[in-house]
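Engineer: Here you go, this is protein_3.txt (compact mmCIF, C-alpha atoms).
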# COMPACT_ATOMS: atom_id res chain seq x y z
CA MET A 119 0.00 0.00 0.00
CA ALA A 120 1.40 3.39 -0.98
CA ALA A 121 1.61 5.82 1.89
CA ASP A 122 1.48 9.59 2.12
CA PRO A 123 1.79 11.73 5.25
CA ALA A 124 -1.98 12.24 5.44
CA SER A 125 -2.74 8.51 5.46
CA VAL A 126 -0.13 7.89 8.18
CA TRP A 127 -1.51 10.78 10.22
CA LYS A 128 -5.01 9.29 9.89
CA LEU A 129 -3.69 6.17 11.62
CA VAL A 130 -2.06 8.26 14.35
CA GLU A 131 -5.33 10.10 14.81
CA ARG A 132 -7.14 6.76 15.02
CA ALA A 133 -4.76 5.73 17.79
CA ASP A 134 -5.63 8.99 19.55
CA GLU A 135 -9.31 8.11 19.36
CA PHE A 136 -8.66 4.71 20.97
CA VAL A 137 -6.78 6.45 23.77
CA LYS A 138 -9.34 9.24 24.21
CA TYR A 139 -12.23 6.79 24.49
CA ALA A 140 -10.26 4.30 26.60
CA GLN A 141 -11.85 5.44 29.85
CA ASN A 142 -15.28 4.71 28.37
CA ARG A 143 -14.37 1.11 27.67
CA ASP A 144 -11.81 -1.43 28.82
CA PRO A 145 -8.68 0.77 28.91
CA ARG A 146 -6.29 -2.18 28.50
CA THR A 147 -7.96 -3.29 25.26
CA ALA A 148 -8.16 0.29 24.01
CA TYR A 149 -4.45 0.86 24.65
CA GLN A 150 -3.62 -2.41 22.84
CA GLN A 151 -5.69 -1.27 19.86
CA ALA A 152 -3.95 2.10 19.89
CA ARG A 153 -0.55 0.40 19.93
CA ALA A 154 -1.53 -1.84 17.00
CA VAL A 155 -2.59 1.16 14.92
CA LEU A 156 0.64 2.96 15.80
CA ASP A 157 2.60 -0.11 14.64
CA GLU A 158 0.65 0.01 11.40
CA ALA A 159 1.50 3.71 11.02
CA GLU A 160 5.18 3.10 11.71
CA ALA A 161 5.30 0.38 9.05
CA LEU A 162 4.21 2.97 6.48
CA VAL A 163 6.54 5.76 7.60
CA GLY A 164 9.47 4.28 5.67
CA GLN A 165 7.69 5.13 2.42
CA LEU A 166 7.64 8.84 3.20
CA ASP A 167 10.25 11.49 2.52
CA GLU A 168 12.70 12.04 5.34
CA LYS A 169 11.16 15.20 6.75
CA ALA A 170 7.65 13.76 7.00
CA ALA A 171 8.96 10.43 8.25
CA THR A 172 10.96 12.08 11.05
CA ALA A 173 8.02 14.19 12.17
CA LEU A 174 5.56 11.31 12.13
CA ARG A 175 7.96 8.90 13.85
CA ALA A 176 8.30 11.44 16.66
CA GLN A 177 4.50 11.66 16.96
CA ILE A 178 4.24 7.87 17.09
CA GLU A 179 6.94 7.58 19.75
CA THR A 180 5.33 10.32 21.86
CA ARG A 181 2.06 8.42 21.83
CA ARG A 182 3.72 5.12 22.75
CA ALA A 183 5.29 6.88 25.73
CA ASP A 184 1.92 8.41 26.67
CA ILE A 185 0.21 5.03 26.58
CA ALA A 186 2.92 3.45 28.74
CA ARG A 187 2.51 6.30 31.26
CA PHE A 188 -1.29 6.04 31.29
CA GLU A 189 -1.13 2.27 31.72
CA GLY A 190 1.15 2.76 34.69
CA SER A 191 -1.30 5.21 36.27
CA ALA A 192 -4.54 3.35 35.56
CA MET B 240 -34.45 18.73 18.31
CA PHE B 241 -32.01 19.93 15.67
CA ARG B 242 -33.34 20.18 12.14
CA LYS B 243 -31.04 21.04 9.30
CA LYS B 244 -33.53 23.59 7.97
CA ASP B 245 -33.45 25.60 11.19
CA PRO B 246 -30.94 28.31 10.19
CA GLU B 247 -30.43 29.62 13.71
CA MET B 248 -29.56 26.18 15.02
CA ALA B 249 -27.48 25.34 11.96
CA ALA B 250 -25.40 28.47 12.52
CA ARG B 251 -24.43 27.10 15.91
CA ILE B 252 -22.89 23.98 14.39
CA PRO B 253 -19.40 24.68 13.03
CA PRO B 254 -18.32 23.05 9.76
CA GLY B 255 -17.52 19.35 10.00
CA GLN B 256 -19.44 18.95 13.27
CA HIS B 257 -22.58 16.97 14.12
CA LEU B 258 -24.87 17.22 17.12
CA THR B 259 -24.75 14.64 19.86
CA ARG B 260 -27.58 13.97 22.29
CA GLY B 261 -25.37 12.48 24.96
CA TRP B 262 -21.99 13.56 26.19
CA PRO B 263 -19.18 11.32 24.92
CA VAL B 264 -16.41 10.67 27.42
CA LEU B 265 -12.96 11.48 26.10
CA SER B 266 -9.72 11.89 27.95
CA ALA B 267 -6.14 11.12 27.22
CA SER B 268 -5.45 10.01 30.77
CA PRO B 269 -7.19 7.97 33.47
CA VAL B 270 -9.57 9.84 35.77
CA PRO B 271 -7.52 11.25 38.67
CA PRO B 272 -8.77 10.67 42.21
CA PHE B 273 -10.39 13.60 44.04
CA ASP B 274 -10.26 14.20 47.78
CA PRO B 275 -11.68 17.60 48.78
CA ALA B 276 -9.52 17.53 51.91
CA THR B 277 -6.26 17.40 49.96
CA TRP B 278 -7.19 18.96 46.59
CA ARG B 279 -5.23 22.13 45.75
CA PHE B 280 -5.42 24.68 42.96
CA ARG B 281 -2.21 26.57 42.27
CA CYS B 282 -1.36 29.65 40.26
CA THR B 283 2.28 29.77 39.22
CA GLY B 284 4.58 31.65 36.87
CA LEU B 285 4.04 35.34 36.25
CA CYS B 286 1.70 36.09 39.14
CA ASP B 287 1.85 36.74 42.87
CA GLY B 288 1.05 33.06 43.34
CA ALA B 289 -1.89 31.23 44.86
CA ASP B 290 -2.55 27.88 46.49
CA TRP B 291 -6.22 27.31 47.28
CA SER B 292 -8.05 24.45 48.93
CA TRP B 293 -11.30 23.11 47.49
CA ASP B 294 -13.33 25.12 50.02
CA GLU B 295 -11.38 28.29 49.26
CA PHE B 296 -11.84 27.82 45.53
CA ARG B 297 -15.56 27.16 45.89
CA ALA B 298 -15.95 30.28 48.05
CA MET B 299 -15.10 32.54 45.10
CA PRO B 300 -18.02 34.38 43.50
CA SER B 301 -19.86 31.98 41.21
CA VAL B 302 -21.59 32.53 37.88
CA ARG B 303 -23.98 30.49 35.75
CA LEU B 304 -23.26 30.52 32.02
CA THR B 305 -24.73 28.63 29.07
CA SER B 306 -22.52 27.69 26.15
CA ASP B 307 -22.01 25.20 23.35
CA VAL B 308 -19.26 22.59 23.21
CA HIS B 309 -17.42 21.54 20.04
CA CYS B 310 -15.09 18.55 20.22
CA VAL B 311 -12.35 18.09 17.62
CA THR B 312 -13.61 14.52 17.13
CA ALA B 313 -16.58 16.21 15.37
CA TRP B 314 -19.41 16.17 17.89
CA SER B 315 -21.07 19.28 19.28
CA LYS B 316 -23.28 19.60 22.35
CA LEU B 317 -25.42 22.70 22.69
CA ASP B 318 -26.85 24.67 25.60
CA ASN B 319 -24.64 23.39 28.39
CA ILE B 320 -25.31 25.14 31.70
CA TRP B 321 -22.17 25.65 33.74
CA ASP B 322 -21.74 26.88 37.31
CA GLY B 323 -18.32 27.99 38.39
CA VAL B 324 -15.98 30.93 38.74
CA LEU B 325 -14.83 33.12 35.88
CA PHE B 326 -11.22 32.67 34.80
CA LYS B 327 -10.74 36.42 35.10
CA GLU B 328 -11.85 36.31 38.73
CA VAL B 329 -9.26 33.62 39.45
CA ALA B 330 -6.59 35.54 37.54
CA ALA B 331 -7.35 38.74 39.45
CA ARG B 332 -6.99 36.95 42.78
CA ALA B 333 -3.74 35.37 41.61
CA GLY B 334 -2.28 38.80 40.91
CA VAL B 335 -1.25 38.24 37.32
CA LYS B 336 1.75 40.34 36.36
CA PRO B 337 1.43 42.79 33.43
CA GLU B 338 4.05 40.95 31.37
CA ALA B 339 1.94 37.75 31.28
CA THR B 340 0.54 37.16 27.79
CA HIS B 341 -0.35 33.43 27.79
CA ALA B 342 -1.22 30.66 30.19
CA LEU B 343 -1.14 26.90 30.44
CA VAL B 344 -4.05 25.37 32.31
CA LYS B 345 -2.82 22.11 33.78
CA ALA B 346 -4.18 18.84 35.13
CA PRO B 347 -2.73 15.62 36.59
CA PHE B 348 -0.83 13.14 34.38
CA GLY B 349 0.98 15.95 32.57
CA TYR B 350 -2.02 17.29 30.66
CA ASP B 351 -2.13 20.97 29.80
CA ALA B 352 -3.64 23.31 27.23
CA ASN B 353 -2.32 26.70 26.18
CA LEU B 354 -4.18 29.87 25.30
CA PRO B 355 -3.48 33.59 25.07
CA LEU B 356 -4.47 35.38 28.26
CA GLU B 357 -6.76 37.61 26.21
CA ALA B 358 -8.84 34.56 25.26
CA LEU B 359 -8.95 33.23 28.81
CA LEU B 360 -10.06 36.59 30.23
CA ASP B 361 -13.16 36.55 28.01
CA ASP B 362 -16.54 36.84 29.74
CA ASP B 363 -17.57 33.30 28.77
CA VAL B 364 -14.52 31.46 30.16
CA LEU B 365 -14.89 29.81 33.54
CA PHE B 366 -13.73 27.02 35.80
CA ALA B 367 -16.87 24.91 36.17
CA TRP B 368 -17.86 22.55 38.98
CA ASN B 369 -21.47 22.00 37.89
CA HIS B 370 -22.97 20.97 34.57
CA ASP B 371 -26.72 21.31 34.00
CA GLY B 372 -27.20 21.88 37.71
CA GLU B 373 -25.35 18.77 38.89
CA PRO B 374 -21.80 18.37 40.17
CA LEU B 375 -19.50 17.74 37.24
CA GLU B 376 -18.92 14.00 36.96
CA PRO B 377 -15.29 12.84 37.30
CA LYS B 378 -15.35 11.35 33.80
CA HIS B 379 -16.26 14.79 32.42
CA GLY B 380 -13.57 16.63 34.36
CA GLY B 381 -15.03 16.83 37.86
CA PRO B 382 -14.45 18.28 40.32
CA LEU B 383 -13.29 21.20 38.18
CA ARG B 384 -12.74 21.85 34.51
CA LEU B 385 -11.98 24.86 32.39
CA VAL B 386 -14.64 25.84 29.84
CA VAL B 387 -13.54 27.86 26.79
CA PRO B 388 -16.56 27.85 24.49
CA LYS B 389 -14.96 29.57 21.50
CA ARG B 390 -12.29 26.86 21.04
CA TYR B 391 -12.35 23.11 20.42
CA PHE B 392 -13.03 21.37 23.69
CA TRP B 393 -9.53 19.97 24.29
CA LYS B 394 -8.59 23.53 25.29
CA SER B 395 -11.07 23.20 28.18
CA THR B 396 -8.75 21.31 30.53
CA LYS B 397 -10.46 18.60 32.59
CA TRP B 398 -9.49 18.15 36.27
CA ALA B 399 -7.85 21.57 36.21
CA ASN B 400 -5.58 22.19 39.17
CA GLU B 401 -3.04 24.78 38.06
CA ILE B 402 -2.61 27.87 35.90
CA GLU B 403 0.89 28.79 34.84
CA PHE B 404 1.10 32.37 33.58
CA LEU B 405 3.74 32.94 30.89
CA ASP B 406 5.22 35.80 28.87
CA HIS B 407 5.24 33.64 25.72
CA ASP B 408 3.16 30.97 24.06
CA GLN B 409 4.00 27.36 24.90
CA ARG B 410 2.14 24.51 23.24
CA GLY B 411 0.13 22.18 25.44
CA PHE B 412 -0.43 18.42 25.43
CA TRP B 413 -2.40 18.03 22.19
CA GLU B 414 -0.80 21.06 20.58
CA VAL B 415 2.59 19.31 20.57
CA ARG B 416 0.92 16.15 19.28
CA GLY B 417 -0.10 17.62 15.95
CA TYR B 418 -3.22 19.54 16.84
CA HIS B 419 -3.84 23.20 16.10
CA ASN B 420 -2.50 25.87 18.43
CA ASP B 421 -5.56 28.14 18.11
CA ALA B 422 -8.37 25.58 17.68
CA PHE B 423 -11.21 27.78 16.44
CA PRO B 424 -14.10 25.46 15.49
CA TYR B 425 -15.67 27.83 12.97
CA LEU B 426 -12.35 27.95 11.09
CA GLU B 427 -11.99 24.16 11.47
CA GLN B 428 -8.54 24.60 12.96
CA ARG B 429 -7.98 20.96 13.90
CA TYR B 430 -4.36 20.21 12.95
CA SER B 431 -1.01 21.92 13.34
CA TRP B 432 -0.19 21.72 9.63
CA GLN B 433 -3.03 24.20 9.03
CA GLU B 434 -1.09 26.85 10.96
Transcribe the structure of this file into C-alpha cells.
Structural biologist:
Amino acid sequence: MAADPASVWKLVERADEFVKYAQNRDPRTAYQQARAVLDEAEALVGQLDEKAATALRAQIETRRADIARFEGSA
Amino acid sequence: MFRKKDPEMAARIPPGQHLTRGWPVLSASPVPPFDPATWRFRCTGLCDGADWSWDEFRAMPSVRLTSDVHCVTAWSKLDNIWDGVLFKEVAARAGVKPEATHALVKAPFGYDANLPLEALLDDDVLFAWNHDGEPLEPKHGGPLRLVVPKRYFWKSTKWANEIEFLDHDQRGFWEVRGYHNDAFPYLEQRYSWQE
C-alpha cells in the first residue's frame, strides 16, 4: 500500500481516538488497539520522505510513551 | 431537536461537526482521584502566586453561564449550563503580572492546554464545577474543569488544578501532538499543519 503523510496521520489520529475513548471502555484493550494502529503507522513511515517520516515517527513515539505512562497510572 | 432547515440552530454547528444527544467521554489520561480535603489549585509563573483548597476555591463568586461545546472529534453539544468561577476572577486573585501574555491550564498526568491570556479573560470562560445543575462527573472533568466555548473542547482542561502564567506561548499536550494551536471550530482549525 502506498503511503502519504496524510494517510499515516489518519492512523495516528485513530490511535488517539482509541486512547481518548479508553476510559469509556476497557482501557487495556483500548491501549492495545492504539498500539496496534501505531505499529501500522510506523510500518508505512518508511515510504515517506525524510522530513515527513521524522516528524511522524516522533508523533508515534510520543504516543507510545503516553500510553505506557497512562497504563502505569490506571 | 435539531433540524437542518433551522438556520439559527445550523449556525451554531461549526463546519464538520454533528450534534450529539449524549456527552461522549474522552480523555487522554485515566480519571484522577479527588479528595476535597487534599485537593489544591495553584497559580504559578508570572503572578503573585496562589494555592487554594477546594473550600477556598468554591468560596469565590460563582456565575452560571450557558454555552455550546465543540469537540475536535466532530461532535457538538449545545446549551450546556455551567456553574463555576470566571477565569478572570481567578486571575485577578492570583495577581497576574502585566508581562503575562499566555497561560497553560494544567491537570494531573501531565495534561495541559495553552491559550493567550486575552482569550482566557473573556466573559464566557470559567472554571466549572457543575454541569446542568449537577456536580461535574469525574469522567467529564469533575471536580473542576476549564470551559472555553470559543475553542475546540480539548482547550477546556479537565481536572484543572493549576494555571501557569507565561510571557510567551508554549504549546500544550495536544498542541505538541499535531493539533492546532488556536483551535477555532468555525475555522476548522484541527491540525497543526493548518497553521
Engineer: Report as a PyMOL selection string all protein, DNA and RNA residues lying within 8 Å of stretch 124-141 of chain A, evaluated on only C-alpha atoms, omitting residues in the same chain fewer than 6 positions from it.
Structural biologist: (chain A and resi 148-149+151-153+155-156+158-160+162-163+174+177-178+185) or (chain B and resi 264-270+378)
Engineer: Between B:Trp398, B:Phe326, B:Tyr350, B:Phe423, which has the minimum distance to chain A (counting all atoms listed in the file)?
Structural biologist: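 The closest residue to chain A is B:Tyr350.
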Engineer: Show me, as an MDAnalysis selection string, the residues that have an atom within 12 Å of B:Ala358 when counting only C-alpha atoms, minus same-chain residues fewer than 2 positions from it.
Structural biologist: chainID B and resid 326:327 340:342 353:356 360:365 386:390 394:395 421:423
Engineer: Okay, now the selection with C-alpha atoms, as a PDB file, in the frame of the given file?
Structural biologist:
ATOM      1  CA  PHE B 326     -11.220  32.670  34.800  1.00  0.00           C
ATOM      2  CA  LYS B 327     -10.740  36.420  35.100  1.00  0.00           C
ATOM      3  CA  THR B 340       0.540  37.160  27.790  1.00  0.00           C
ATOM      4  CA  HIS B 341      -0.350  33.430  27.790  1.00  0.00           C
ATOM      5  CA  ALA B 342      -1.220  30.660  30.190  1.00  0.00           C
ATOM      6  CA  ASN B 353      -2.320  26.700  26.180  1.00  0.00           C
ATOM      7  CA  LEU B 354      -4.180  29.870  25.300  1.00  0.00           C
ATOM      8  CA  PRO B 355      -3.480  33.590  25.070  1.00  0.00           C
ATOM      9  CA  LEU B 356      -4.470  35.380  28.260  1.00  0.00           C
ATOM     10  CA  LEU B 360     -10.060  36.590  30.230  1.00  0.00           C
ATOM     11  CA  ASP B 361     -13.160  36.550  28.010  1.00  0.00           C
ATOM     12  CA  ASP B 362     -16.540  36.840  29.740  1.00  0.00           C
ATOM     13  CA  ASP B 363     -17.570  33.300  28.770  1.00  0.00           C
ATOM     14  CA  VAL B 364     -14.520  31.460  30.160  1.00  0.00           C
ATOM     15  CA  LEU B 365     -14.890  29.810  33.540  1.00  0.00           C
ATOM     16  CA  VAL B 386     -14.640  25.840  29.840  1.00  0.00           C
ATOM     17  CA  VAL B 387     -13.540  27.860  26.790  1.00  0.00           C
ATOM     18  CA  PRO B 388     -16.560  27.850  24.490  1.00  0.00           C
ATOM     19  CA  LYS B 389     -14.960  29.570  21.500  1.00  0.00           C
ATOM     20  CA  ARG B 390     -12.290  26.860  21.040  1.00  0.00           C
ATOM     21  CA  LYS B 394      -8.590  23.530  25.290  1.00  0.00           C
ATOM     22  CA  SER B 395     -11.070  23.200  28.180  1.00  0.00           C
ATOM     23  CA  ASP B 421      -5.560  28.140  18.110  1.00  0.00           C
ATOM     24  CA  ALA B 422      -8.370  25.580  17.680  1.00  0.00           C
ATOM     25  CA  PHE B 423     -11.210  27.780  16.440  1.00  0.00           C
TER      26      PHE B 423
END
Engineer: Check every residue of chain B for an atom within 12 Å of chain A, counting all atoms listed in the file, and provide those that qualify as a PyMOL selection string.
Structural biologist: chain B and resi 262-272+310-313+347-350+377-379+393+412-418+429-432
Engineer: If we count only C-alpha atoms, what is near stretch 279-284 of chain B at a cut-off of 6 Å, once residues fewer than 3 positions away on the same chain are taken out, given as a list in words?
Structural biologist: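 Once the nearby chain positions are removed, what remains is Gly288, Ala289, Asp290, Trp291, Ser292, Asn400, Glu401, Ile402, Glu403 and Phe404 of chain B.
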Engineer: Using only C-alpha atoms and a cutoff of 8 Å, can you tell me which residues are near (-18.3, 21.2, 24.8) in the file's coordinates, and write them out as a list in words?
Structural biologist: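 Nearby residues: Ser306, Asp307, Val308, His309, Cys310, Ser315, Lys316, Leu317, Asn319, Val386, Pro388, Tyr391 and Phe392 of chain B.
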Engineer: From the options B:Cys286, B:Gln428, B:Glu357, B:Pro382, which residue's atoms come nearest to B:Lys336, counting only C-alpha atoms?
Structural biologist: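 Among the listed residues, B:Cys286 lies closest to B:Lys336.
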Engineer: At what distance in Å, to one decimal, does atom CA of B:His257 lie from atom CA of A:Asp122?
Structural biologist: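 Between atom CA of A:Asp122 and atom CA of B:His257 the gap is 27.9 Å.
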Engineer: Measure the distance from atom CA of B:Gly323 to atom CA of B:Phe366 in Å and round it to one decimal.
Structural biologist: 5.4 Å
Engineer: Can you measure atom CA of A:Ala154 to atom CA of A:Ala186 for me? One decimal in Å is fine.
Structural biologist: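 Computed distance, atom CA of A:Ala154 to atom CA of A:Ala186, equals 13.6 Å.
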Engineer: Write only C-alpha atoms for stretch 167-181 of chain A from the block just shown, as a short mmCIF file (atom, residue, chain, number, x, y, z; two decimals), in the first residue's frame.
Structural biologist:
data_model
loop_
_atom_site.label_atom_id
_atom_site.label_comp_id
_atom_site.auth_asym_id
_atom_site.auth_seq_id
_atom_site.Cartn_x
_atom_site.Cartn_y
_atom_site.Cartn_z
CA ASP A 167 10.25 11.49 2.52
CA GLU A 168 12.70 12.04 5.34
CA LYS A 169 11.16 15.20 6.75
CA ALA A 170 7.65 13.76 7.00
CA ALA A 171 8.96 10.43 8.25
CA THR A 172 10.96 12.08 11.05
CA ALA A 173 8.02 14.19 12.17
CA LEU A 174 5.56 11.31 12.13
CA ARG A 175 7.96 8.90 13.85
CA ALA A 176 8.30 11.44 16.66
CA GLN A 177 4.50 11.66 16.96
CA ILE A 178 4.24 7.87 17.09
CA GLU A 179 6.94 7.58 19.75
CA THR A 180 5.33 10.32 21.86
CA ARG A 181 2.06 8.42 21.83
#
